[in-house]
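The structure file data_37.cif is reproduced below (mmCIF, C-alpha atoms).
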```cif
data_run
#
loop_
_atom_site.label_atom_id
_atom_site.label_comp_id
_atom_site.auth_asym_id
_atom_site.auth_seq_id
_atom_site.Cartn_x
_atom_site.Cartn_y
_atom_site.Cartn_z
CA MET A 1138 7.82 -27.12 216.44
CA PHE A 1139 11.12 -25.19 216.37
CA LEU A 1140 12.57 -27.64 213.87
CA PHE A 1141 9.42 -27.47 211.76
CA LYS A 1142 9.54 -23.67 211.66
CA ASN A 1143 13.19 -23.68 210.62
CA THR A 1144 12.50 -26.30 207.95
CA LEU A 1145 9.58 -24.25 206.65
CA LYS A 1146 11.73 -21.12 206.49
CA LEU A 1147 14.47 -23.04 204.69
CA THR A 1148 11.95 -24.46 202.22
CA GLN A 1149 10.48 -21.03 201.51
CA LYS A 1150 13.98 -19.60 201.09
CA ASN A 1151 14.88 -22.38 198.67
CA LEU A 1152 11.69 -21.84 196.70
CA LYS A 1153 12.46 -18.14 196.32
CA LEU A 1154 16.02 -18.95 195.28
CA LEU A 1155 14.79 -21.47 192.72
CA ALA A 1156 12.30 -18.96 191.36
CA LYS A 1157 15.08 -16.38 191.03
CA MET A 1158 17.36 -18.88 189.31
CA SER A 1159 14.55 -19.85 186.97
CA SER A 1160 13.92 -16.24 185.95
CA GLU A 1161 17.61 -15.65 185.36
CA THR A 1162 17.86 -18.62 183.00
CA LEU A 1163 14.82 -17.67 180.94
CA LYS A 1164 15.75 -17.26 177.31
CA THR A 1165 14.34 -14.75 174.91
CA HIS A 1166 13.47 -15.56 171.33
CA LYS A 1167 13.55 -13.62 168.10
CA ILE A 1168 10.83 -13.49 165.50
CA ASP A 1169 10.39 -11.58 162.25
CA VAL A 1170 7.46 -9.15 162.15
CA ASP A 1171 7.13 -7.52 158.73
CA GLY A 1172 10.90 -7.54 158.25
CA GLN A 1173 11.63 -6.24 161.75
CA THR A 1174 13.48 -8.48 164.20
CA ILE A 1175 11.54 -8.59 167.48
CA ASN A 1176 13.05 -9.93 170.70
CA TYR A 1177 10.46 -11.37 173.07
CA LEU A 1178 10.00 -13.55 176.13
CA LYS A 1179 7.05 -15.79 176.95
CA VAL A 1180 6.64 -17.31 180.42
CA GLY A 1181 3.89 -19.05 182.35
CA ASN A 1182 1.01 -21.31 181.39
CA GLY A 1183 -1.94 -19.43 182.83
CA PRO A 1184 -5.26 -18.93 181.03
CA LYS A 1185 -4.93 -15.13 181.06
CA THR A 1186 -2.36 -13.78 178.59
CA VAL A 1187 -0.71 -10.43 179.28
CA LEU A 1188 1.59 -8.38 177.04
CA CYS A 1189 4.09 -6.14 178.85
CA PHE A 1190 4.74 -2.93 176.88
CA PRO A 1191 7.97 -1.06 177.87
CA GLY A 1192 8.53 2.67 178.06
CA ALA A 1193 10.98 4.87 176.15
CA LEU A 1194 14.27 3.07 175.40
CA GLY A 1195 12.95 0.23 177.56
CA THR A 1196 13.42 -3.51 177.29
CA ILE A 1197 12.02 -6.74 178.68
CA TRP A 1198 14.21 -6.95 181.79
CA SER A 1199 14.90 -3.25 182.40
CA ASP A 1200 11.18 -2.47 182.60
CA PHE A 1201 9.36 -5.59 183.79
CA LYS A 1202 11.69 -7.74 185.91
CA PRO A 1203 9.46 -7.77 189.06
CA GLN A 1204 6.42 -8.69 187.00
CA LEU A 1205 8.14 -11.45 185.04
CA GLU A 1206 9.57 -12.92 188.23
CA ASN A 1207 6.60 -12.57 190.54
CA LEU A 1208 3.27 -12.60 188.68
CA ASP A 1209 1.61 -16.00 189.12
CA ARG A 1210 2.58 -18.13 186.12
CA ASP A 1211 -0.24 -20.57 186.84
CA LYS A 1212 -2.73 -17.75 186.40
CA PHE A 1213 -0.97 -15.81 183.64
CA THR A 1214 0.91 -16.37 180.43
CA ILE A 1215 3.20 -13.35 180.24
CA VAL A 1216 4.68 -12.01 177.02
CA ALA A 1217 7.25 -9.21 177.17
CA TRP A 1218 9.07 -7.63 174.25
CA ASP A 1219 11.65 -5.11 173.13
CA PRO A 1220 9.77 -2.72 170.78
CA PRO A 1221 11.33 -2.08 167.35
CA GLY A 1222 14.79 -0.53 167.62
CA TYR A 1223 15.02 -1.00 171.39
CA GLY A 1224 17.10 -3.55 173.28
CA TYR A 1225 17.67 -6.66 171.21
CA SER A 1226 15.01 -5.84 168.64
CA ARG A 1227 17.87 -4.51 166.56
CA PRO A 1228 19.07 -4.04 163.88
CA PRO A 1229 17.94 -1.63 162.64
CA ASN A 1230 18.27 1.03 165.31
CA ARG A 1231 15.20 2.94 166.39
CA ASN A 1232 13.76 5.32 163.82
CA PHE A 1233 11.65 7.93 165.59
CA GLY A 1234 8.91 9.47 163.54
CA ILE A 1235 5.83 11.45 164.45
CA ASN A 1236 3.76 8.23 164.37
CA PHE A 1237 6.03 6.01 166.45
CA TYR A 1238 3.39 5.40 169.15
CA ARG A 1239 0.94 4.11 166.55
CA ASN A 1240 3.61 2.12 164.75
CA ASP A 1241 4.54 0.39 168.02
CA ALA A 1242 0.88 -0.43 168.68
CA ILE A 1243 0.49 -2.00 165.24
CA CYS A 1244 3.74 -3.95 165.60
CA ALA A 1245 2.67 -5.28 169.01
CA GLU A 1246 -0.63 -6.55 167.59
CA LYS A 1247 1.18 -8.23 164.71
CA LEU A 1248 3.63 -9.85 167.15
CA MET A 1249 0.79 -11.33 169.22
CA ASN A 1250 -0.98 -12.47 166.07
CA LYS A 1251 2.20 -14.17 164.86
CA LEU A 1252 2.52 -15.91 168.23
CA GLY A 1253 -1.02 -17.23 167.75
CA ILE A 1254 -2.48 -15.18 170.61
CA ASN A 1255 -5.83 -13.65 169.72
CA LYS A 1256 -6.99 -12.41 173.14
CA TYR A 1257 -4.80 -10.69 175.69
CA SER A 1258 -4.54 -7.91 178.24
CA LEU A 1259 -1.94 -5.15 178.26
CA LEU A 1260 0.43 -3.79 180.89
CA GLY A 1261 1.67 -0.50 179.44
CA TRP A 1262 4.17 1.81 181.12
CA SER A 1263 4.88 5.38 180.01
CA ASP A 1264 5.33 5.32 176.21
CA GLY A 1265 4.16 1.72 176.32
CA GLY A 1266 0.97 2.85 178.04
CA ILE A 1267 0.30 5.34 175.27
CA SER A 1268 0.80 2.70 172.57
CA SER A 1269 -1.32 0.28 174.62
CA MET A 1270 -4.22 2.76 174.64
CA ILE A 1271 -3.90 3.14 170.87
CA LEU A 1272 -3.75 -0.65 170.43
CA SER A 1273 -6.84 -1.11 172.64
CA ALA A 1274 -8.78 1.41 170.57
CA LYS A 1275 -7.62 0.10 167.19
CA TYR A 1276 -8.10 -3.60 167.96
CA PRO A 1277 -10.94 -3.75 170.53
CA GLU A 1278 -11.70 -7.37 169.65
CA LYS A 1279 -8.20 -8.38 170.76
CA VAL A 1280 -7.77 -6.60 174.09
CA GLU A 1281 -9.54 -7.94 177.18
CA LYS A 1282 -8.20 -5.46 179.75
CA LEU A 1283 -5.72 -2.60 179.86
CA VAL A 1284 -3.48 -1.46 182.71
CA CYS A 1285 -1.54 1.77 182.10
CA TRP A 1286 0.59 4.05 184.26
CA GLY A 1287 2.92 6.98 183.70
CA SER A 1288 1.01 7.68 180.48
CA ASN A 1289 -0.74 10.62 178.86
CA ALA A 1290 -2.96 11.33 175.86
CA TYR A 1291 -1.49 14.78 175.18
CA ILE A 1292 1.57 16.86 176.02
CA VAL A 1293 1.72 20.07 178.08
CA ALA A 1294 4.42 22.74 178.28
CA ASP A 1295 5.82 21.62 181.64
CA GLU A 1296 6.48 18.15 180.21
CA VAL A 1297 8.49 19.65 177.37
CA LYS A 1298 10.55 21.61 179.91
CA GLN A 1299 11.16 18.42 181.88
CA CYS A 1300 12.18 16.63 178.70
CA GLU A 1301 14.68 19.35 177.83
CA SER A 1302 16.10 19.30 181.36
CA LEU A 1303 16.84 15.58 180.96
CA ARG A 1304 18.31 15.82 177.46
CA ASP A 1305 21.91 15.93 178.74
CA ILE A 1306 22.60 12.32 179.79
CA SER A 1307 25.77 13.39 181.64
CA LYS A 1308 23.42 14.73 184.33
CA TRP A 1309 21.71 11.35 184.75
CA SER A 1310 22.61 9.17 187.72
CA ASP A 1311 24.95 6.26 187.04
CA LYS A 1312 22.22 3.88 188.20
CA MET A 1313 19.91 5.25 185.55
CA LYS A 1314 22.27 5.43 182.59
CA ALA A 1315 24.79 2.61 183.15
CA PRO A 1316 22.47 -0.25 182.04
CA LEU A 1317 21.42 1.73 178.98
CA ILE A 1318 25.01 2.56 178.03
CA ALA A 1319 25.90 -1.12 178.38
CA LEU A 1320 23.07 -1.91 175.99
CA TYR A 1321 23.30 0.93 173.47
CA THR A 1322 26.83 2.40 174.05
CA GLU A 1323 27.11 5.99 175.29
CA LYS A 1324 26.88 7.50 171.81
CA GLY A 1325 24.01 5.21 170.87
CA LEU A 1326 22.09 6.19 173.99
CA LEU A 1327 22.75 9.89 173.42
CA ASP A 1328 21.63 9.70 169.78
CA MET A 1329 18.52 7.70 170.59
CA TRP A 1330 17.48 9.85 173.55
CA ASN A 1331 17.96 13.09 171.61
CA ALA A 1332 15.88 11.68 168.77
CA TRP A 1333 13.13 10.80 171.26
CA CYS A 1334 13.26 14.30 172.76
CA ASP A 1335 13.15 15.91 169.30
CA THR A 1336 10.04 13.91 168.41
CA PHE A 1337 8.38 14.69 171.75
CA VAL A 1338 8.94 18.42 171.21
CA LYS A 1339 7.66 18.17 167.64
CA LEU A 1340 4.47 16.49 168.86
CA TYR A 1341 3.95 19.34 171.30
CA GLU A 1342 4.56 21.96 168.62
CA ASN A 1343 2.00 20.21 166.41
CA GLY A 1344 -0.68 20.69 169.06
CA GLY A 1345 0.35 18.15 171.68
CA ASP A 1346 -2.34 15.59 170.87
CA ILE A 1347 -1.04 12.01 171.06
CA CYS A 1348 -4.15 9.84 171.29
CA LYS A 1349 -7.06 11.88 172.68
CA ALA A 1350 -9.53 10.67 170.05
CA GLU A 1351 -8.66 7.03 170.69
CA LEU A 1352 -9.73 7.17 174.33
CA LYS A 1353 -13.42 7.16 173.40
CA GLN A 1354 -12.89 4.07 171.27
CA ILE A 1355 -11.48 1.90 174.08
CA LYS A 1356 -14.11 -0.69 174.95
CA CYS A 1357 -12.30 -2.86 177.50
CA PRO A 1358 -12.02 -2.25 181.27
CA VAL A 1359 -9.05 0.01 182.05
CA PHE A 1360 -7.02 0.32 185.24
CA ILE A 1361 -5.10 3.60 185.48
CA LEU A 1362 -2.36 3.75 188.11
CA HIS A 1363 -0.48 6.92 188.93
CA GLY A 1364 2.36 8.06 191.18
CA ASP A 1365 1.35 11.44 192.56
CA LYS A 1366 5.00 12.57 192.58
CA ASP A 1367 5.67 11.51 188.99
CA PRO A 1368 8.05 14.18 187.59
CA MET A 1369 7.52 13.07 183.99
CA VAL A 1370 3.72 13.19 183.72
CA ALA A 1371 1.63 16.25 184.62
CA ALA A 1372 -0.83 15.74 187.47
CA GLU A 1373 -3.85 16.40 185.24
CA HIS A 1374 -3.38 13.32 183.05
CA PRO A 1375 -4.77 10.47 185.19
CA ASP A 1376 -8.01 12.39 185.80
CA TYR A 1377 -8.28 13.19 182.10
CA LEU A 1378 -7.90 9.52 181.20
CA LEU A 1379 -10.43 8.55 183.87
CA SER A 1380 -12.97 11.05 182.50
CA ASN A 1381 -12.52 10.06 178.86
CA ILE A 1382 -12.30 6.26 178.99
CA LYS A 1383 -15.66 4.58 179.54
CA MET A 1384 -14.79 1.66 181.79
CA ALA A 1385 -11.85 3.11 183.68
CA LYS A 1386 -10.85 3.23 187.31
CA LEU A 1387 -7.91 4.98 188.99
CA HIS A 1388 -5.55 4.03 191.81
CA ARG A 1389 -3.01 6.49 193.17
CA PHE A 1390 0.32 5.93 194.87
CA PRO A 1391 0.68 9.09 197.03
CA ASN A 1392 4.48 8.89 197.21
CA GLY A 1393 4.99 7.15 193.88
CA LYS A 1394 7.03 8.58 191.04
CA HIS A 1395 7.25 7.36 187.44
CA ASN A 1396 8.27 3.77 188.11
CA ILE A 1397 5.63 2.63 190.60
CA HIS A 1398 5.67 -0.93 189.22
CA LEU A 1399 9.35 -1.21 190.17
CA ARG A 1400 9.39 0.83 193.39
CA TYR A 1401 6.17 -0.69 194.76
CA ALA A 1402 6.32 -3.97 192.88
CA GLU A 1403 4.54 -6.16 195.43
CA GLU A 1404 1.57 -3.81 195.85
CA PHE A 1405 1.47 -3.10 192.13
CA ASN A 1406 1.45 -6.80 191.22
CA SER A 1407 -1.29 -7.49 193.75
CA LEU A 1408 -3.52 -4.71 192.41
CA VAL A 1409 -2.95 -5.72 188.80
CA THR A 1410 -3.55 -9.42 189.50
CA LYS A 1411 -6.87 -8.65 191.18
CA PHE A 1412 -7.96 -6.42 188.28
CA LEU A 1413 -7.00 -8.88 185.56
CA LEU A 1414 -8.72 -11.81 187.25
CA GLU A 1415 -11.93 -10.14 188.41
#
```
Structure encoded using structure tokens:
Amino acid sequence: MFLFKNTLKLTQKNLKLLAKMSSETLKTHKIDVDGQTINYLKVGNGPKTVLCFPGALGTIWSDFKPQLENLDRDKFTIVAWDPPGYGYSRPPNRNFGINFYRNDAICAEKLMNKLGINKYSLLGWSDGGISSMILSAKYPEKVEKLVCWGSNAYIVADEVKQCESLRDISKWSDKMKAPLIALYTEKGLLDMWNAWCDTFVKLYENGGDICKAELKQIKCPVFILHGDKDPMVAAEHPDYLLSNIKMAKLHRFPNGKHNIHLRYAEEFNSLVTKFLLE
């Protein structure tokens, strides 16, 4: 029995190691979408297809590593991408405009269409959650289910203050900024982040509405997750989304912040898997 237990532990350890090695050797691909180079990754052979939609400045591996490595690839086919101007979906560099959330939503739909995927669910974090809500409303025949977290349909004053407090990247932790500097260079990161902040402030000054009208047009089941200690998203937003999306439910992480899918990856993946398969 002792030998069997040790062998079992060794086998499980080897399986985890092999899984990690497999994820590290996964290769991304590039595809042209209306003249824009899009970097994407497709893994798994499951019947349920899921598109992972990164947040601001985010990329495939910076934003969705625990999901790409640990979601069941026999149950899911997982597509992750670098939105236009982020990560390796360059050149050109990101061009922020007042409609960038909608432009990302349209580009994502065109990417999936070009990949020959007509039905899929969405995992949208932060900015990616906002664009995912817009995509779900604009293309209801395409989206089966939506999971969003760290997202909002409008902007409030406290969020603008938080944005301005984070504008100086020299105040960011090395853990937070080092991977982004390696990807964009320090000047590139500074320019891109300031452009994002400028657009965020402009949206607020124009009334703060991002996608309030679209919420009523979402027809698929929606799973809203929220970290109750999220410093980036005002506490009122998850309840607003819950009240204004027809088939929505809400799960809270009492100690969670903005990156609940990274900090609480195992619990997050379990909740999302159950929702997508039910």
Study note, to complete from the structure: With distances taken over all atoms listed in the file, the candidate from A:Leu1408, A:Cys1348, A:Leu1194, A:Ile1397 nearest A:Asp1367 is A:Ile1397
**Study point:** Residue IDs satisfying the PyMOL selection byres ((chain A and resi 1325) around 12), as a PyMOL selection string
**Key:** chain A and resi 1194+1222-1224+1230-1231+1306+1314+1317-1324+1326-1332
Exercise: stretch 1292-1297 of chain A partners within 7 Å, only C-alpha atoms, chain neighbours under 3 positions left out, as an mmCIF file with C-alpha atoms, keeping the file's coordinate frame:
```
data_model
loop_
_atom_site.group_PDB
_atom_site.id
_atom_site.type_symbol
_atom_site.label_atom_id
_atom_site.label_comp_id
_atom_site.auth_asym_id
_atom_site.auth_seq_id
_atom_site.Cartn_x
_atom_site.Cartn_y
_atom_site.Cartn_z
ATOM 1 C CA CYS A 1300 12.180 16.630 178.700
ATOM 2 C CA GLU A 1301 14.680 19.350 177.830
ATOM 3 C CA VAL A 1338 8.940 18.420 171.210
ATOM 4 C CA TYR A 1341 3.950 19.340 171.300
ATOM 5 C CA GLY A 1345 0.350 18.150 171.680
ATOM 6 C CA ASP A 1346 -2.340 15.590 170.870
ATOM 7 C CA MET A 1369 7.520 13.070 183.990
ATOM 8 C CA VAL A 1370 3.720 13.190 183.720
ATOM 9 C CA ALA A 1371 1.630 16.250 184.620
#
```
Practice item. One decimal, Å: what's the distance from atom CA of A:Glu1281 over to atom CA of A:Leu1259, could you say? Key: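 So the answer is 8.2 Å.
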Review point. Any chance you could work out the residue set of the PyMOL selection byres ((chain A and resi 1256) around 10) here, as JSON, numbers by chain?
Key: {"A": [1185, 1186, 1187, 1249, 1250, 1253, 1254, 1255, 1257, 1258, 1277, 1278, 1279, 1280, 1281, 1282]}
**Study point:** Who sits within 12 Å of A:Asp1169, all atoms listed in the file, same chain under 6 positions skipped, as a PyMOL selection string
**Key:** chain A and resi 1175-1177+1221+1226-1228+1244+1247-1249+1251-1252
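Straight-line separation from atom CA of A:Gly1172 to atom CA of A:Trp1262: 25.6 Å.
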Review point. Can you tell me how far atom CA of A:Leu1379 sits from atom CA of A:Phe1360, in Å to one decimal?
Key: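 Computed distance, atom CA of A:Leu1379 to atom CA of A:Phe1360, equals 9.0 Å.
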Kindly compute an axis-aligned box around the listed atoms of stretch 1273-1292 of chain A, allowing 3 Å on each side, and express its centre and edge lengths in Å to one decimal as JSON.
```
{"center_x": -4.4, "center_y": 4.2, "center_z": 175.7, "size_x": 20.6, "size_y": 31.2, "size_z": 23.1}
```
Check your understanding: Residues picked by the PyMOL selection byres ((chain A and resi 1200-1215) around 7) here, as a list in words?
Key ->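 That expression, the PyMOL selection byres ((chain A and resi 1200-1215) around 7), corresponds here to Ser1160, Lys1179, Val1180, Gly1181, Asn1182, Gly1183, Pro1184, Lys1185, Thr1186, Val1187, Leu1188, Pro1191, Gly1195, Thr1196, Ile1197, Trp1198, Ser1199, Val1216, Ala1217, Leu1399, Ala1402 and Asn1406 of chain A.
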Practice item. For A:Asn1236, work out the shell of residues within 10 Å, counting all atoms listed in the file and skipping chain neighbours fewer than 2 positions away, then give it as a ChimeraX atom specification. Key: /A:1233-1234,1238-1241,1336,1340,1347
Review point. Pick from A:Ile1235, A:Ala1245, A:Leu1163, A:Cys1357: nearest to A:Ser1268, with all atoms listed in the file counted?
Key: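 Going through A:Ile1235, A:Ala1245, A:Leu1163, A:Cys1357 one by one, the smallest distance to A:Ser1268 is for A:Ala1245.
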Check your understanding: Near A:Ala1242, counting all atoms listed in the file, which residues have an atom at most 7 Å away, once you skip same-chain residues fewer than 5 positions from it, shown as a PyMOL selection string?
Key -> chain A and resi 1268-1269+1271-1272
Exercise for review: Find the spatial neighbours of A:Gly1261, counting only C-alpha atoms, within a cut-off of 7 Å - ignore same-chain residues fewer than 4 positions away - and output them as JSON, numbers by chain.
Suggested key: {"A": [1189, 1190, 1191, 1265, 1266, 1269, 1284, 1285, 1286]}
